[in-house]
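Trainee: The file below is my_file_34.pdb, PDB, C-alpha atoms:
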MODEL        1
ATOM      1  CA  MET A 813      -3.433  24.657   7.715
ATOM      2  CA  ALA A 814      -2.511  22.485   4.748
ATOM      3  CA  ALA A 815      -4.819  22.268   1.748
ATOM      4  CA  LEU A 816      -7.032  19.181   1.961
ATOM      5  CA  PHE A 817      -8.210  16.791  -0.714
ATOM      6  CA  SER A 818     -10.460  13.747  -0.762
ATOM      7  CA  LEU A 819      -8.746  10.345  -0.585
ATOM      8  CA  GLU A 820     -10.534   7.078  -1.188
ATOM      9  CA  ILE A 821      -8.812   3.687  -0.902
ATOM     10  CA  ILE A 822     -10.738   0.723  -2.260
ATOM     11  CA  THR A 823      -9.871  -2.982  -2.222
ATOM     12  CA  PRO A 824     -11.899  -5.837  -3.730
ATOM     13  CA  ASP A 825     -13.389  -6.702  -0.331
ATOM     14  CA  ARG A 826     -13.895  -3.306   1.332
ATOM     15  CA  SER A 827     -13.702   0.442   1.294
ATOM     16  CA  PHE A 828     -10.465   0.745   3.268
ATOM     17  CA  PHE A 829     -10.339   4.518   3.786
ATOM     18  CA  SER A 830     -12.337   7.577   2.825
ATOM     19  CA  GLY A 831     -11.681  11.082   4.097
ATOM     20  CA  GLU A 832     -10.092  14.477   3.730
ATOM     21  CA  VAL A 833      -6.294  14.353   3.947
ATOM     22  CA  GLU A 834      -3.311  16.674   3.655
ATOM     23  CA  SER A 835      -1.010  14.226   1.889
ATOM     24  CA  VAL A 836      -0.507  10.610   0.891
ATOM     25  CA  ILE A 837       2.883   9.012   0.235
ATOM     26  CA  LEU A 838       2.651   5.769  -1.675
ATOM     27  CA  PRO A 839       4.888   3.183  -3.306
ATOM     28  CA  ALA A 840       4.627   3.882  -7.043
ATOM     29  CA  LYS A 841       6.246   2.085  -9.966
ATOM     30  CA  GLY A 842       9.255   4.446 -10.076
ATOM     31  CA  GLY A 843       9.646   4.860  -6.309
ATOM     32  CA  GLU A 844       7.814   6.686  -3.536
ATOM     33  CA  MET A 845       5.396   9.396  -4.621
ATOM     34  CA  GLU A 846       3.708  12.106  -2.554
ATOM     35  CA  ILE A 847       0.315  13.427  -3.555
ATOM     36  CA  LEU A 848      -0.868  16.807  -2.297
ATOM     37  CA  ARG A 849      -4.005  18.904  -2.934
ATOM     38  CA  TYR A 850      -2.827  20.537  -6.160
ATOM     39  CA  THR A 851      -0.973  17.597  -7.704
ATOM     40  CA  LEU A 852      -1.610  17.483 -11.443
ATOM     41  CA  PRO A 853      -4.156  14.907 -12.626
ATOM     42  CA  MET A 854      -2.574  11.583 -13.564
ATOM     43  CA  ALA A 855      -2.817   7.812 -13.357
ATOM     44  CA  VAL A 856      -0.082   5.886 -11.541
ATOM     45  CA  VAL A 857       0.767   2.199 -11.087
ATOM     46  CA  LEU A 858       0.752   1.342  -7.384
ATOM     47  CA  GLU A 859       3.434  -1.029  -6.112
ATOM     48  CA  GLY A 860       2.930  -3.078  -2.985
ATOM     49  CA  GLY A 861       4.454  -1.644   0.168
ATOM     50  CA  VAL A 862       4.033   0.903   2.945
ATOM     51  CA  MET A 863       1.734   3.873   2.377
ATOM     52  CA  ARG A 864       1.571   6.915   4.669
ATOM     53  CA  ILE A 865      -1.508   9.132   4.997
ATOM     54  CA  GLY A 866      -1.199  12.628   6.461
ATOM     55  CA  GLN A 867      -4.391  13.694   8.230
ATOM     56  CA  ASN A 868      -4.914  16.275  11.000
ATOM     57  CA  SER A 869      -1.128  16.876  11.180
ATOM     58  CA  ARG A 870      -0.551  13.166  11.982
ATOM     59  CA  TRP A 871       0.720  10.270   9.898
ATOM     60  CA  MET A 872      -1.010   6.899   9.597
ATOM     61  CA  GLU A 873       0.692   3.921   7.971
ATOM     62  CA  ALA A 874      -0.806   0.999   6.117
ATOM     63  CA  VAL A 875       0.407  -1.741   3.802
ATOM     64  CA  VAL A 876      -1.106  -1.801   0.316
ATOM     65  CA  GLY A 877      -0.917  -4.343  -2.454
ATOM     66  CA  GLN A 878      -0.446  -3.581  -6.117
ATOM     67  CA  GLY A 879      -3.015  -1.530  -7.967
ATOM     68  CA  PHE A 880      -3.706   1.796  -9.588
ATOM     69  CA  VAL A 881      -4.010   5.403  -8.462
ATOM     70  CA  ARG A 882      -6.145   8.070 -10.120
ATOM     71  CA  VAL A 883      -5.255  11.622  -9.142
ATOM     72  CA  ASP A 884      -7.636  14.495  -9.860
ATOM     73  CA  ARG A 885      -7.214  18.042  -8.567
ATOM     74  CA  ASP A 886      -9.532  17.555  -5.575
ATOM     75  CA  LYS A 887      -9.719  13.767  -5.210
ATOM     76  CA  THR A 888      -7.399  10.785  -5.318
ATOM     77  CA  VAL A 889      -8.693   7.237  -5.655
ATOM     78  CA  ILE A 890      -6.439   4.285  -4.867
ATOM     79  CA  MET A 891      -7.589   0.875  -6.086
ATOM     80  CA  ALA A 892      -5.403  -1.776  -4.458
ATOM     81  CA  GLU A 893      -5.592  -5.560  -4.352
ATOM     82  CA  SER A 894      -5.238  -5.340  -0.553
ATOM     83  CA  ALA A 895      -4.776  -2.845   2.282
ATOM     84  CA  GLU A 896      -4.170  -3.377   5.994
ATOM     85  CA  TRP A 897      -3.618  -1.224   9.056
ATOM     86  CA  PRO A 898      -0.832  -2.355  11.426
ATOM     87  CA  HIS A 899      -3.321  -3.647  14.040
ATOM     88  CA  GLU A 900      -4.898  -5.933  11.410
ATOM     89  CA  ILE A 901      -1.632  -7.744  10.652
ATOM     90  CA  ASP A 902      -1.041 -11.188  12.136
ATOM     91  CA  SER A 903       2.756 -11.621  12.387
ATOM     92  CA  GLU A 904       2.564 -15.425  12.576
ATOM     93  CA  LYS A 905       0.450 -15.605   9.435
ATOM     94  CA  VAL A 906       2.860 -13.247   7.657
ATOM     95  CA  GLN A 907       5.813 -15.478   8.614
ATOM     96  CA  GLU A 908       3.965 -18.488   7.168
ATOM     97  CA  GLU A 909       3.256 -16.558   3.959
ATOM     98  CA  ILE A 910       6.935 -15.615   3.663
ATOM     99  CA  GLY A 911       7.899 -19.304   3.927
ATOM    100  CA  GLU A 912       5.424 -20.223   1.177
ATOM    101  CA  ILE A 913       6.626 -17.377  -1.046
ATOM    102  CA  ASP A 914      10.267 -18.411  -0.550
ATOM    103  CA  GLU A 915       9.289 -21.851  -1.836
ATOM    104  CA  LYS A 916       7.539 -20.252  -4.836
ATOM    105  CA  LEU A 917      10.719 -18.306  -5.590
ATOM    106  CA  ARG A 918      12.795 -21.490  -5.551
ATOM    107  CA  ARG A 919      10.341 -23.302  -7.812
ATOM    108  CA  ALA A 920       9.593 -20.451 -10.236
ATOM    109  CA  GLN A 921       9.378 -21.784 -13.791
ATOM    110  CA  SER A 922       9.298 -18.417 -15.534
ATOM    111  CA  MET A 923      10.291 -14.787 -15.028
ATOM    112  CA  ARG A 924       6.604 -13.950 -14.585
ATOM    113  CA  GLU A 925       6.242 -16.407 -11.685
ATOM    114  CA  TYR A 926       9.473 -15.125 -10.169
ATOM    115  CA  ARG A 927       8.398 -11.446 -10.399
ATOM    116  CA  MET A 928       4.967 -12.196  -8.948
ATOM    117  CA  ALA A 929       6.537 -14.017  -6.000
ATOM    118  CA  LYS A 930       8.997 -11.141  -5.440
ATOM    119  CA  ALA A 931       6.091  -8.657  -5.404
ATOM    120  CA  GLN A 932       4.224 -10.829  -2.870
ATOM    121  CA  LEU A 933       7.357 -11.079  -0.746
ATOM    122  CA  ALA A 934       7.781  -7.282  -0.736
ATOM    123  CA  ILE A 935       4.246  -6.846   0.586
ATOM    124  CA  GLN A 936       4.737  -9.425   3.361
ATOM    125  CA  LEU A 937       8.037  -7.819   4.408
ATOM    126  CA  ALA A 938       6.336  -4.392   4.477
ATOM    127  CA  LYS A 939       3.682  -5.864   6.786
ATOM    128  CA  LEU A 940       6.354  -7.080   9.197
ATOM    129  CA  LYS A 941       8.117  -3.732   9.019
ATOM    130  CA  ILE A 942       5.131  -1.633  10.081
ATOM    131  CA  LYS A 943       3.840  -4.261  12.524
ATOM    132  CA  ASP A 944       7.194  -4.422  14.318
ATOM    133  CA  TYR A 945       7.528  -0.631  14.247
ATOM    134  CA  LYS A 946       4.051  -0.042  15.701
ATOM    135  CA  ASP A 947       4.260  -2.749  18.414
TER     136      ASP A 947
ENDMDL
END
Show how you would write the structure in this file as structure tokens.

Mentor:
Amino acid sequence: MAALFSLEIITPDRSFFSGEVESVILPAKGGEMEILRYTLPMAVVLEGGVMRIGQNSRWMEAVVGQGFVRVDRDKTVIMAESAEWPHEIDSEKVQEEIGEIDEKLRRAQSMREYRMAKAQLAIQLAKLKIKDYKD
């Protein structure tokens, strides 16, 4: 049996997940990162994208927005601007969001606006990816 640690995922509007897990793979600033029970304590910038949670020898996927991750020896806390399970994703709404973001990209007045729109687009595309995969 794999060593377990406590994982808590919090968004501004809810406690998304809380439980004992074997592993979590998340989109970090430098690429994907896996956290296990004895990962050294650290703070990490969370990128928006697909996150995988290993629990009871199964994998669950969710889409998370940008945020921060605090890793301690026995507990990891993820604070994200959003988090959704595949069954919570409305494909039509995501398609509408992608259209609006494309318009934001075309009208971006600064690099900051452009980067923010690109980050939003990445999250919406991740939603479609796991929604299509799970359906």

Trainee: Taking (6.0, -14.1, -3.4) in the file's own coordinates, collect the residues within 9 Å, counting all atoms listed in the file, and hand them back as a ChimeraX atom specification.

Mentor: /A:909-910,912-917,925-936

Trainee: Which residue, A:Gln867, A:Ser894, A:Leu852, A:Lys887, has the smallest gap to Asp825 (chain A) when you use all atoms listed in the file?

Mentor: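 Nearest candidate to Asp825 (chain A) out of A:Gln867, A:Ser894, A:Leu852, A:Lys887: A:Ser894.
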
Trainee: Using only C-alpha atoms, determine which residues lie at most 9 Å from Ile821 (chain A), disregarding the query and same-chain residues fewer than 3 positions distant; provide the list as a PyMOL selection string.

Mentor: chain A and resi 826-830+888-892+895

Trainee: Got time to write the residues from that selection, C-alpha atoms, as a PDB file, in the frame of the given file?

Mentor:
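What landed in out-v4.pdb:
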ATOM      1  CA  ARG A 826     -13.895  -3.306   1.332  1.00  0.00           C
ATOM      2  CA  SER A 827     -13.702   0.442   1.294  1.00  0.00           C
ATOM      3  CA  PHE A 828     -10.465   0.745   3.268  1.00  0.00           C
ATOM      4  CA  PHE A 829     -10.339   4.518   3.786  1.00  0.00           C
ATOM      5  CA  SER A 830     -12.337   7.577   2.825  1.00  0.00           C
ATOM      6  CA  THR A 888      -7.399  10.785  -5.318  1.00  0.00           C
ATOM      7  CA  VAL A 889      -8.693   7.237  -5.655  1.00  0.00           C
ATOM      8  CA  ILE A 890      -6.439   4.285  -4.867  1.00  0.00           C
ATOM      9  CA  MET A 891      -7.589   0.875  -6.086  1.00  0.00           C
ATOM     10  CA  ALA A 892      -5.403  -1.776  -4.458  1.00  0.00           C
ATOM     11  CA  ALA A 895      -4.776  -2.845   2.282  1.00  0.00           C
TER      12      ALA A 895
END

Trainee: When you draw a straight line from CA of Arg924 (chain A) to CA of Glu893 (chain A), how long is it in Å?

Mentor: 18.0 Å

Trainee: Skipping near chain neighbours, those fewer than 4 positions away, what residues fall within 10 Å of Tyr850 (chain A) using only C-alpha atoms, listed as a list in words?

Mentor: Ala815, Leu816, Phe817, Val883, Asp884, Arg885, Asp886 and Lys887 of chain A

Trainee: Excluding region 856-863 of chain A and its own-chain neighbours fewer than 3 positions away, which residues fall within 10 Å of it when counting only C-alpha atoms? Please give them as a ChimeraX atom specification.

Mentor: /A:836-846,853,871-883,890-897,931-939,941-942

Trainee: Keeping C-alpha atoms, export the residues of the selection given above as an mmCIF file, in the coordinates of the input.

Mentor:
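Listed below is the output, result_6.cif:
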data_model
loop_
_atom_site.group_PDB
_atom_site.id
_atom_site.type_symbol
_atom_site.label_atom_id
_atom_site.label_comp_id
_atom_site.auth_asym_id
_atom_site.auth_seq_id
_atom_site.Cartn_x
_atom_site.Cartn_y
_atom_site.Cartn_z
ATOM 1 C CA VAL A 836 -0.507 10.610 0.891
ATOM 2 C CA ILE A 837 2.883 9.012 0.235
ATOM 3 C CA LEU A 838 2.651 5.769 -1.675
ATOM 4 C CA PRO A 839 4.888 3.183 -3.306
ATOM 5 C CA ALA A 840 4.627 3.882 -7.043
ATOM 6 C CA LYS A 841 6.246 2.085 -9.966
ATOM 7 C CA GLY A 842 9.255 4.446 -10.076
ATOM 8 C CA GLY A 843 9.646 4.860 -6.309
ATOM 9 C CA GLU A 844 7.814 6.686 -3.536
ATOM 10 C CA MET A 845 5.396 9.396 -4.621
ATOM 11 C CA GLU A 846 3.708 12.106 -2.554
ATOM 12 C CA PRO A 853 -4.156 14.907 -12.626
ATOM 13 C CA TRP A 871 0.720 10.270 9.898
ATOM 14 C CA MET A 872 -1.010 6.899 9.597
ATOM 15 C CA GLU A 873 0.692 3.921 7.971
ATOM 16 C CA ALA A 874 -0.806 0.999 6.117
ATOM 17 C CA VAL A 875 0.407 -1.741 3.802
ATOM 18 C CA VAL A 876 -1.106 -1.801 0.316
ATOM 19 C CA GLY A 877 -0.917 -4.343 -2.454
ATOM 20 C CA GLN A 878 -0.446 -3.581 -6.117
ATOM 21 C CA GLY A 879 -3.015 -1.530 -7.967
ATOM 22 C CA PHE A 880 -3.706 1.796 -9.588
ATOM 23 C CA VAL A 881 -4.010 5.403 -8.462
ATOM 24 C CA ARG A 882 -6.145 8.070 -10.120
ATOM 25 C CA VAL A 883 -5.255 11.622 -9.142
ATOM 26 C CA ILE A 890 -6.439 4.285 -4.867
ATOM 27 C CA MET A 891 -7.589 0.875 -6.086
ATOM 28 C CA ALA A 892 -5.403 -1.776 -4.458
ATOM 29 C CA GLU A 893 -5.592 -5.560 -4.352
ATOM 30 C CA SER A 894 -5.238 -5.340 -0.553
ATOM 31 C CA ALA A 895 -4.776 -2.845 2.282
ATOM 32 C CA GLU A 896 -4.170 -3.377 5.994
ATOM 33 C CA TRP A 897 -3.618 -1.224 9.056
ATOM 34 C CA ALA A 931 6.091 -8.657 -5.404
ATOM 35 C CA GLN A 932 4.224 -10.829 -2.870
ATOM 36 C CA LEU A 933 7.357 -11.079 -0.746
ATOM 37 C CA ALA A 934 7.781 -7.282 -0.736
ATOM 38 C CA ILE A 935 4.246 -6.846 0.586
ATOM 39 C CA GLN A 936 4.737 -9.425 3.361
ATOM 40 C CA LEU A 937 8.037 -7.819 4.408
ATOM 41 C CA ALA A 938 6.336 -4.392 4.477
ATOM 42 C CA LYS A 939 3.682 -5.864 6.786
ATOM 43 C CA LYS A 941 8.117 -3.732 9.019
ATOM 44 C CA ILE A 942 5.131 -1.633 10.081
#

Trainee: One decimal, Å: what's the distance from CA of Glu834 (chain A) over to CA of Ser869 (chain A), could you say?

Mentor: 7.8 Å

Trainee: Between A:Leu940, A:Arg918, A:Thr851, A:Ile822, which residue has the minimum interatomic distance to Pro898 (chain A), considering only C-alpha atoms?

Mentor: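 Looking at the shortest contact to Pro898 (chain A), the residue is A:Leu940.
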
Trainee: When you draw a straight line from CA of Ile865 (chain A) to CA of Lys943 (chain A), how long is it in Å?

Mentor: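 Interatomic distance, CA of Ile865 (chain A) to CA of Lys943 (chain A): 16.3 Å.
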
Trainee: Using only C-alpha atoms, can you tell me which of A:Ala814, A:Met923, A:Gly866, A:Glu900 comes closest to Val833 (chain A)?

Mentor: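 Checking each candidate against Val833 (chain A), we get A:Gly866 as the closest.
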
Trainee: Work out where the centre of an axis-aligned box around every listed atom of region 841-846 of chain A lies and how long its edges are once 6 Å is added on each side; give both in Å to one decimal as AutoDock Vina command-line options.

Mentor:
--center_x 6.7 --center_y 7.1 --center_z -6.3 --size_x 17.9 --size_y 22.0 --size_z 19.5
